[in-house]
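Dumped final-v9.tsv below, it's TSV, C-alpha atoms:
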```
chain	number	residue	atom	x	y	z
A	408	MET	CA	56.80	110.53	144.80
A	409	LYS	CA	56.95	109.93	148.53
A	410	ARG	CA	56.54	106.20	147.91
A	411	ALA	CA	59.35	106.26	145.33
A	412	ARG	CA	61.59	108.09	147.81
A	413	ASP	CA	60.76	105.54	150.54
A	414	ILE	CA	61.67	102.67	148.21
A	415	TRP	CA	64.91	104.42	147.23
A	416	ASN	CA	65.84	104.89	150.88
A	417	GLN	CA	65.08	101.24	151.60
A	418	LEU	CA	67.22	100.06	148.67
A	419	GLU	CA	70.02	102.41	149.67
A	420	GLY	CA	69.95	101.02	153.20
A	421	LEU	CA	70.03	97.43	151.96
A	422	LEU	CA	72.99	98.14	149.67
A	423	GLU	CA	74.86	99.80	152.51
A	424	LYS	CA	74.08	96.86	154.82
A	425	VAL	CA	75.63	94.32	152.45
A	426	GLY	CA	78.52	96.59	151.47
A	427	ILE	CA	77.61	97.40	147.87
A	428	GLU	CA	78.64	100.86	146.75
A	429	ILE	CA	76.10	102.88	144.77
A	430	THR	CA	77.87	103.86	141.57
A	431	SER	CA	75.05	104.52	139.12
A	432	ASN	CA	74.08	108.04	138.16
A	433	CYS	CA	70.41	108.65	139.04
A	434	ASN	CA	70.09	110.66	135.83
A	435	ASP	CA	71.25	107.73	133.66
A	436	LEU	CA	67.93	106.60	132.18
A	437	ASP	CA	69.48	103.68	130.28
A	438	ALA	CA	70.95	102.25	133.50
A	439	ILE	CA	67.60	102.59	135.25
A	440	MET	CA	65.76	100.98	132.34
A	441	LYS	CA	68.30	98.16	132.13
A	442	SER	CA	67.71	97.50	135.82
A	443	ILE	CA	63.97	97.26	135.24
A	444	THR	CA	64.57	95.07	132.19
A	445	SER	CA	66.82	92.73	134.19
A	446	VAL	CA	63.89	91.96	136.49
A	447	PHE	CA	61.05	91.83	133.97
A	448	PHE	CA	62.90	90.48	130.91
A	449	PRO	CA	60.33	87.69	130.32
A	450	HIS	CA	57.66	90.39	129.96
A	451	SER	CA	58.65	91.92	126.64
A	452	ALA	CA	56.47	92.71	123.65
A	453	LYS	CA	56.98	94.07	120.16
A	454	LEU	CA	54.61	96.33	118.23
A	455	GLN	CA	53.09	94.64	115.18
A	456	LYS	CA	52.03	96.24	111.90
A	457	ASN	CA	48.36	96.00	112.95
A	458	GLY	CA	49.02	98.28	115.96
A	459	TYR	CA	48.83	95.50	118.55
A	460	TYR	CA	51.69	94.10	120.58
A	461	ARG	CA	52.89	90.52	120.54
A	462	THR	CA	54.77	89.07	123.49
A	463	VAL	CA	58.17	87.80	122.43
A	464	LYS	CA	58.73	84.38	123.99
A	465	HIS	CA	55.21	83.04	124.42
A	466	PRO	CA	53.40	84.84	121.61
A	467	GLN	CA	50.08	86.35	122.53
A	468	THR	CA	48.38	89.55	121.49
A	469	VAL	CA	48.45	92.26	124.17
A	470	HIS	CA	47.67	95.98	124.39
A	471	ILE	CA	48.95	98.88	126.47
A	472	HIS	CA	46.29	99.76	129.00
A	473	PRO	CA	44.88	103.12	127.82
A	474	MET	CA	44.08	104.41	131.32
A	475	ASN	CA	47.30	103.35	133.04
A	476	SER	CA	50.00	104.46	130.62
A	477	GLY	CA	50.87	107.53	128.62
A	478	LEU	CA	52.59	105.19	126.17
A	479	SER	CA	49.22	103.98	124.88
A	480	ARG	CA	49.20	106.99	122.53
A	481	VAL	CA	52.89	106.79	121.62
A	482	LEU	CA	53.08	103.04	120.84
A	483	PRO	CA	56.83	102.44	121.13
A	484	ARG	CA	58.18	99.59	119.02
A	485	TRP	CA	59.45	97.51	121.99
A	486	VAL	CA	58.12	97.51	125.55
A	487	ILE	CA	58.54	95.73	128.83
A	488	TYR	CA	55.68	95.46	131.31
A	489	HIS	CA	55.05	94.48	134.90
A	490	GLU	CA	51.79	92.58	134.58
A	491	LEU	CA	48.98	91.56	132.27
A	492	VAL	CA	45.36	92.24	133.15
A	493	LEU	CA	42.48	90.62	131.32
A	494	THR	CA	39.33	92.71	130.89
A	495	THR	CA	37.82	93.03	127.43
A	496	LYS	CA	41.40	92.51	126.09
A	497	GLU	CA	44.72	91.41	127.52
A	498	TYR	CA	46.32	94.65	128.76
A	499	MET	CA	49.89	95.37	129.83
A	500	ARG	CA	50.29	97.59	132.89
A	501	GLN	CA	53.31	99.53	134.14
A	502	VAL	CA	54.83	99.72	130.67
A	503	SER	CA	58.23	101.12	129.67
A	504	GLU	CA	59.95	101.36	126.34
A	505	LEU	CA	63.14	99.36	125.96
A	506	LYS	CA	65.95	98.78	123.53
A	507	PRO	CA	65.62	95.20	122.26
A	508	GLU	CA	69.37	94.60	122.35
A	509	TRP	CA	69.13	94.86	126.15
A	510	LEU	CA	67.16	91.61	126.18
A	511	VAL	CA	70.04	89.66	124.63
A	512	GLU	CA	72.61	91.52	126.76
A	513	ILE	CA	70.79	91.02	130.06
A	514	ALA	CA	69.23	87.60	129.51
A	515	PRO	CA	71.28	85.65	126.95
A	516	HIS	CA	70.00	82.45	128.58
A	517	TYR	CA	66.46	83.48	127.60
A	518	TYR	CA	66.76	85.55	124.40
A	519	GLN	CA	68.77	85.05	121.26
A	520	LEU	CA	69.51	87.57	118.51
A	521	LYS	CA	66.82	86.00	116.32
A	522	ASP	CA	64.23	86.99	118.97
A	523	VAL	CA	65.00	90.70	118.60
A	524	GLU	CA	66.17	91.08	115.02
A	525	ASP	CA	64.01	92.91	112.52
A	526	PRO	CA	63.32	90.22	109.90
A	527	ALA	CA	62.74	92.76	107.11
A	528	SER	CA	66.18	94.32	107.41
A	529	ASN	CA	68.09	91.63	109.34
A	530	LYS	CA	69.12	94.33	111.79
A	531	MET	CA	68.40	94.89	115.42
A	532	PRO	CA	65.99	97.84	115.88
A	533	ARG	CA	66.95	100.70	118.13
A	534	GLY	CA	64.65	101.98	120.91
A	535	LYS	CA	64.67	105.34	122.62
A	536	GLY	CA	64.38	104.12	126.22
A	537	ARG	CA	61.41	106.21	127.28
A	538	SER	CA	59.59	105.12	130.39
A	539	GLN	CA	56.07	105.42	131.70
A	540	VAL	CA	55.79	103.61	134.99
```
Final structure tokens representation of the file:
Amino acid sequence: MKRARDIWNQLEGLLEKVGIEITSNCNDLDAIMKSITSVFFPHSAKLQKNGYYRTVKHPQTVHIHPMNSGLSRVLPRWVIYHELVLTTKEYMRQVSELKPEWLVEIAPHYYQLKDVEDPASNKMPRGKGRSQV
């Protein structure tokens, strides 16, 4: 937590230095998750019927690292991750759940609706926005 506080203080100082007012509510989880998504948008994956994840843009099978994330037991439908680590399998680390519509909203140059639509129902799925960083 001390490290998180140090990073927050550093970001706050940088924003003040360049004259950007902090307007976000620290308790607004969606805003925080959208911020994370705006940085790591290429690192998204969707849960498949077989229980594995498939990266969205450059399809490959990946898994949530069981030792580094509490989400490995929850298996959210859509996730965003910081990095992939190859051991016995390709594992995602620093994983958070996301709402797939954020991908189109934040990175329309990278994602299209067809990338995030649920083909069975022709609707965009809804996530819950939980995080496990």
**Q.** Selection: 9 Å around stretch 453-463 of chain A, only C-alpha atoms, excl. self and same-chain fewer than 5 positions, as a PyMOL selection string
**A.** chain A and resi 468-471+482-487+507+522-523
Q.
I'd like to know which of A:Glu428, A:Ser442, A:Met408, A:Asn434 is closest to A:Leu505, using all atoms listed in the file.
A.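 Distance minimum relative to A:Leu505 lands on A:Ser442.
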Q.
One number please: atom CA of A:Arg500 to atom CA of A:His472, in Å, one decimal.
A.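 About the pair atom CA of A:Arg500 and atom CA of A:His472: they are 6.0 Å apart.
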Q | Between atom CA of A:Ile427 and atom CA of A:Arg412 - distance in Å to one decimal | A |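 Result for atom CA of A:Arg412 versus atom CA of A:Ile427: 19.3 Å, one decimal.
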**Q.** Option closest in space to A:Glu508, from A:Ser451, A:Pro466, A:His489, A:Thr494 [counting only C-alpha atoms]
**A.**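 Closest candidate: A:Ser451.
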Using the file's own x, y and z axes, what box holds all listed atoms of stretch 409-423 of chain A with 5 Å on each side, keeping edges along x, y and z, and what are its centre and edge lengths in Å to one decimal, as AutoDock Vina command-line options?
```
--center_x 65.7 --center_y 103.7 --center_z 149.3 --size_x 28.3 --size_y 22.5 --size_z 17.9
```
Q. Which one is closest to A:Lys464: A:Leu478, A:Ala411, A:Leu510, A:Leu436? Count all atoms listed in the file.
A.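 Comparing A:Leu478, A:Ala411, A:Leu510, A:Leu436 against A:Lys464, the winner is A:Leu510.
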Q: Can you work out the spacing between atom CA of A:Val502 and atom CA of A:Ile443 in Å, to one decimal?
A: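 We find that atom CA of A:Val502 and atom CA of A:Ile443 lie 10.5 Å from each other.
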